[in-house]
Every structure is written in C-alpha cells, then in structure tokens.
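The block underneath contains the structure these notes are about, expressed in structure tokens.
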Amino acid sequence: MRRQWVIVLQDVPETGMHWDGPIPADAMQDPSLGEVAPLASMRSDLDWKGDLARKGDVYRLHGHWHFRVERQCSRCNEPFELEMDGDTDCDFRLGTGVRDEDASLLLPPPGEVNLVDVLREDVWLAWPQDVVCREDCLGLCPVCGCNRNQGGCQCHQMDKGHPFAALGKIKFD
C-alpha cells in the first residue's frame with residue numbers, strides 16, 4: 001500500500017492537516033490501497049477538500065468530496081456519467097480497549113488512518129441505488145424491450161387476444 005494516503009495521528013501537527021486538491025482516480029480504483037471495495041467506475045479524480053484537526057484527544061476529519069462516475073440508467077439501462085458529492089465527518093481517538101460512549105473510532109497507537117479507505121466508505125454509503133440518465137427518460141418498452149428514448153417501438157402494447165386486453169377499454173373519468 002502506498003503510504004502517501006496513510007495518516008499517522010501521532011504525527012499530526014498542532015495546526016492539523018489540510019487538503020485541497022484531487023485524489024487520483026487510479027488510487028481510488030486500486031484494490032491494493034486499502035480494505036474497502038475500490039471504485040472501479042470512476043471517470044474523474046476525486047476532488048477532496050478537507051481538514052484534520054485535533055481537539056484534546058479527538059482527531060476530527062471533516063471535508064467534502066466530488067467526482068464523476070459511470071452508472072447505468074435504471075429505466076433505459078444505458079450508461080451515463082453521474083456527478084457524486086458528499087461530506088466526510090469522522091472522529092478518531094488513540095487508545096486501546098472498548099469504544100467510548102461517543103462516536104469516536106478508537107485506534108491503537110500510533111493511529112494509522114487510511115484516507116482512501118475513509119473516502120471509499122463514505123462514497124459507498126452515499127451511493128444511490130436507482131439512478132436515471134435524465135428526468136424525462138422514457139425507459140424500455142415492457143413488451144419488446146427497445147429503448148423508447150431512441151424512438152418508438154413497433155410492437156403493440158396489448159394485442160386483442162391478451163387476457164388483460166379488456167382492461168384497456170375501461171374509461172377513467
């Protein structure tokens with residue numbers, strides 16, 4: 001693992017740490033750089049603006065991330081680029097034993113934090129389940145499966161011999 005993305009809490013200066021720039025997509029996609037599942041479909045570097053500040057024995061990582069990822073539309077199944085962004089807020093403490101009553105993650109000294117893993121985890125937690133390429137996406141025809149965004153299909157939605165064809169005659173006022 002490249003040590004460039006590992007933060008050692010004991011080495012954090014009193015002034016803290018600050019990031020304002022990209023984390024390369026290849027780092028976020030490289031499975032050897034951490035334990036959290038890599039982001040294989042990234043189409044841009046991850047723009048990361050964040051701070052690591054120390055208050056007493058708590059180290060607070062706070063920041064904002066943004067990047068583009070390739071997804072498939074839930075309606076028409078076509079690939080498209082989705083803009084994703086979110087916030088990261090994590091508290092860490094050095095120590096051993098059981099976790100405190102607060103939400104801090106307890107790390108044994110020297111307190112190594114893999115920034116790539118923290119950001120990957122936050123991206124996966126923010127990952128939208130169903131996405132559409134555009135709001136007016138028409139999706140796939142339920143009968144023949146053609147993409148209705150690329151033109152109308154030539155099939156008949158319900159032929160007259162279909163058992164549910166009579167439902168098409170019902171008038172709703």
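Chain labels A, B, ... are given in the sequence in which chains occur in the structure tokens; within each chain residues are numbered consecutively from 1, and ligands are likewise numbered from 1 in the order shown.
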
Hey, what does DSSP flag as strand (DSSP E) within segment 50-132 of chain A? Can you give it to me as a PyMOL selection string? chain A and resi 50-55+58-72+79-94+105-107+112-114

So which residues touch Met42 of chain A within 8 Å, counting only C-alpha atoms, skipping near sequence neighbours fewer than 6 positions away, as a list in words?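 Selected residues are Ala25, Gln29, Phe67, Arg68, Val69 and Glu70 of chain A.
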
Excluding same-chain residues fewer than 5 positions from Glu121 of chain A, what lies within 12 Å of it counting only C-alpha atoms, as an mmCIF file with N, CA, C and O atoms, in the first residue's frame?
data_model
loop_
_atom_site.group_PDB
_atom_site.id
_atom_site.type_symbol
_atom_site.label_atom_id
_atom_site.label_comp_id
_atom_site.auth_asym_id
_atom_site.auth_seq_id
_atom_site.Cartn_x
_atom_site.Cartn_y
_atom_site.Cartn_z
ATOM 1 N N MET A 28 -8.132 5.589 -6.029
ATOM 2 C CA MET A 28 -9.431 5.156 -5.521
ATOM 3 C C MET A 28 -9.873 3.828 -6.145
ATOM 4 O O MET A 28 -10.690 3.113 -5.589
ATOM 5 N N GLY A 34 -6.080 -0.347 0.044
ATOM 6 C CA GLY A 34 -6.955 -0.337 1.206
ATOM 7 C C GLY A 34 -7.784 -1.592 1.295
ATOM 8 O O GLY A 34 -7.632 -2.518 0.503
ATOM 9 N N GLU A 35 -8.689 -1.586 2.266
ATOM 10 C CA GLU A 35 -9.525 -2.746 2.515
ATOM 11 C C GLU A 35 -10.956 -2.559 2.027
ATOM 12 O O GLU A 35 -11.672 -3.525 1.841
ATOM 13 N N VAL A 36 -11.384 -1.308 1.837
ATOM 14 C CA VAL A 36 -12.742 -1.036 1.363
ATOM 15 C C VAL A 36 -12.763 -1.213 -0.155
ATOM 16 O O VAL A 36 -11.805 -0.863 -0.850
ATOM 17 N N ALA A 37 -13.870 -1.732 -0.672
ATOM 18 C CA ALA A 37 -14.003 -2.023 -2.107
ATOM 19 C C ALA A 37 -13.649 -0.804 -2.958
ATOM 20 O O ALA A 37 -14.137 0.295 -2.696
ATOM 21 N N PRO A 38 -12.795 -0.975 -3.969
ATOM 22 C CA PRO A 38 -12.410 0.146 -4.827
ATOM 23 C C PRO A 38 -13.571 0.633 -5.692
ATOM 24 O O PRO A 38 -14.560 -0.071 -5.876
ATOM 25 N N LEU A 39 -13.434 1.840 -6.208
ATOM 26 C CA LEU A 39 -14.461 2.480 -7.035
ATOM 27 C C LEU A 39 -14.063 2.340 -8.499
ATOM 28 O O LEU A 39 -13.520 3.255 -9.106
ATOM 29 N N GLY A 86 -20.371 14.523 -1.615
ATOM 30 C CA GLY A 86 -20.810 14.255 -0.247
ATOM 31 C C GLY A 86 -19.813 14.801 0.745
ATOM 32 O O GLY A 86 -18.775 15.359 0.384
ATOM 33 N N ASP A 87 -20.149 14.627 1.999
ATOM 34 C CA ASP A 87 -19.317 15.115 3.096
ATOM 35 C C ASP A 87 -18.760 13.945 3.886
ATOM 36 O O ASP A 87 -19.387 12.889 3.978
ATOM 37 N N THR A 88 -17.603 14.178 4.471
ATOM 38 C CA THR A 88 -16.960 13.210 5.344
ATOM 39 C C THR A 88 -16.814 13.838 6.715
ATOM 40 O O THR A 88 -16.320 14.964 6.828
ATOM 41 N N ASP A 89 -17.258 13.133 7.731
ATOM 42 C CA ASP A 89 -17.098 13.553 9.120
ATOM 43 C C ASP A 89 -16.764 12.324 9.945
ATOM 44 O O ASP A 89 -17.605 11.437 10.108
ATOM 45 N N CYS A 90 -15.543 12.256 10.445
ATOM 46 C CA CYS A 90 -15.101 11.120 11.257
ATOM 47 C C CYS A 90 -14.316 11.635 12.454
ATOM 48 O O CYS A 90 -13.527 12.575 12.329
ATOM 49 N N ASN A 114 -6.248 5.289 6.949
ATOM 50 C CA ASN A 114 -6.099 5.242 5.501
ATOM 51 C C ASN A 114 -7.161 6.169 4.897
ATOM 52 O O ASN A 114 -8.355 5.859 4.912
ATOM 53 N N LEU A 115 -6.742 7.324 4.395
ATOM 54 C CA LEU A 115 -7.657 8.305 3.840
ATOM 55 C C LEU A 115 -8.444 7.737 2.655
ATOM 56 O O LEU A 115 -9.642 8.008 2.512
ATOM 57 N N VAL A 116 -7.816 6.921 1.835
ATOM 58 C CA VAL A 116 -8.503 6.309 0.694
ATOM 59 C C VAL A 116 -9.652 5.433 1.192
ATOM 60 O O VAL A 116 -10.769 5.501 0.670
ATOM 61 N N ALA A 126 -22.961 6.772 0.349
ATOM 62 C CA ALA A 126 -23.759 7.768 -0.372
ATOM 63 C C ALA A 126 -24.233 7.262 -1.735
ATOM 64 O O ALA A 126 -24.957 7.964 -2.430
ATOM 65 N N TRP A 127 -23.833 6.065 -2.131
ATOM 66 C CA TRP A 127 -24.107 5.505 -3.448
ATOM 67 C C TRP A 127 -25.620 5.375 -3.662
ATOM 68 O O TRP A 127 -26.293 4.626 -2.945
#

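The shortest atom-to-atom distance to Pro108 of chain A, with only C-alpha atoms taken into account, belongs to A:Val8 out of A:Cys133, A:Val8, A:Ala53, A:Met84.
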
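Proximity ranking of A:His18, A:Lys55, A:Lys169, A:Arg75 relative to Gly145 of chain A places A:Arg75 first, based on only C-alpha atoms.
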
Atom CA of Trp65 of chain A to atom CA of Gln10 of chain A measures 24.9 Å

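If only C-alpha atoms are the atoms counted, then among A:Pro142, A:Gly111, A:Pro24, A:Gly151 the closest residue to Ser44 of chain A is A:Pro24.
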
Please measure the separation of atom CA of Glu83 of chain A and atom CA of Pro22 of chain A, giving the value in Å to one decimal. 15.1 Å

Taking the chain letters and numbering used in this document, name the residues of chain A that DSSP puts in alpha helix (DSSP H), as a list in words. Ala25, Asp26, Ala27, Met28, Gln29, Leu115, Val116, Asp117, Val118, Leu119, Arg120, Glu121, Asp122, Val123, Trp124, Leu125 and Ala126 of chain A

Save the residues we just selected, C-alpha atoms, as an mmCIF file, in the first residue's frame?
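What ended up in result07.cif:
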data_model
loop_
_atom_site.group_PDB
_atom_site.id
_atom_site.type_symbol
_atom_site.label_atom_id
_atom_site.label_comp_id
_atom_site.auth_asym_id
_atom_site.auth_seq_id
_atom_site.Cartn_x
_atom_site.Cartn_y
_atom_site.Cartn_z
ATOM 1 C CA ALA A 25 -8.929 8.020 -9.697
ATOM 2 C CA ASP A 26 -6.284 5.310 -10.002
ATOM 3 C CA ALA A 27 -5.707 5.500 -6.226
ATOM 4 C CA MET A 28 -9.431 5.156 -5.521
ATOM 5 C CA GLN A 29 -9.633 2.254 -8.011
ATOM 6 C CA LEU A 115 -7.657 8.305 3.840
ATOM 7 C CA VAL A 116 -8.503 6.309 0.694
ATOM 8 C CA ASP A 117 -10.485 3.792 2.767
ATOM 9 C CA VAL A 118 -12.321 6.524 4.691
ATOM 10 C CA LEU A 119 -13.345 8.261 1.460
ATOM 11 C CA ARG A 120 -14.282 4.994 -0.310
ATOM 12 C CA GLU A 121 -16.518 4.058 2.599
ATOM 13 C CA ASP A 122 -18.263 7.433 2.539
ATOM 14 C CA VAL A 123 -18.780 7.178 -1.226
ATOM 15 C CA TRP A 124 -20.297 3.697 -0.895
ATOM 16 C CA LEU A 125 -22.595 4.914 1.882
ATOM 17 C CA ALA A 126 -23.759 7.768 -0.372
#

Just to confirm, what's the straight-line distance from atom CA of Asp20 of chain A to atom CA of His62 of chain A in Å (one decimal)?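 These atoms are spaced 12.1 Å apart.
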
Set the distance at 7 Å and use only C-alpha atoms: which residues neighbour Leu106 of chain A once local chain neighbours fewer than 5 positions away are removed? I'd like the list as a list in words. Phe92, Arg93, Leu94, Gly95, Thr96 and Arg99 of chain A

Any chance you can output those residues with N, CA and C atoms as an mmCIF file, in the first residue's frame?
data_model
loop_
_atom_site.group_PDB
_atom_site.id
_atom_site.type_symbol
_atom_site.label_atom_id
_atom_site.label_comp_id
_atom_site.auth_asym_id
_atom_site.auth_seq_id
_atom_site.Cartn_x
_atom_site.Cartn_y
_atom_site.Cartn_z
ATOM 1 N N PHE A 92 -11.653 10.305 15.472
ATOM 2 C CA PHE A 92 -10.744 9.231 15.854
ATOM 3 C C PHE A 92 -10.138 9.563 17.211
ATOM 4 N N ARG A 93 -9.813 8.516 17.981
ATOM 5 C CA ARG A 93 -9.080 8.655 19.243
ATOM 6 C C ARG A 93 -7.988 7.593 19.270
ATOM 7 N N LEU A 94 -6.925 7.907 19.940
ATOM 8 C CA LEU A 94 -5.870 6.922 20.157
ATOM 9 C C LEU A 94 -6.155 6.195 21.457
ATOM 10 N N GLY A 95 -5.932 4.902 21.454
ATOM 11 C CA GLY A 95 -6.120 4.135 22.684
ATOM 12 C C GLY A 95 -6.383 2.684 22.379
ATOM 13 N N THR A 96 -6.545 1.942 23.460
ATOM 14 C CA THR A 96 -6.879 0.525 23.345
ATOM 15 C C THR A 96 -8.053 0.262 24.267
ATOM 16 N N ARG A 99 -14.709 0.783 23.063
ATOM 17 C CA ARG A 99 -15.080 2.068 22.487
ATOM 18 C C ARG A 99 -15.773 2.938 23.535
#
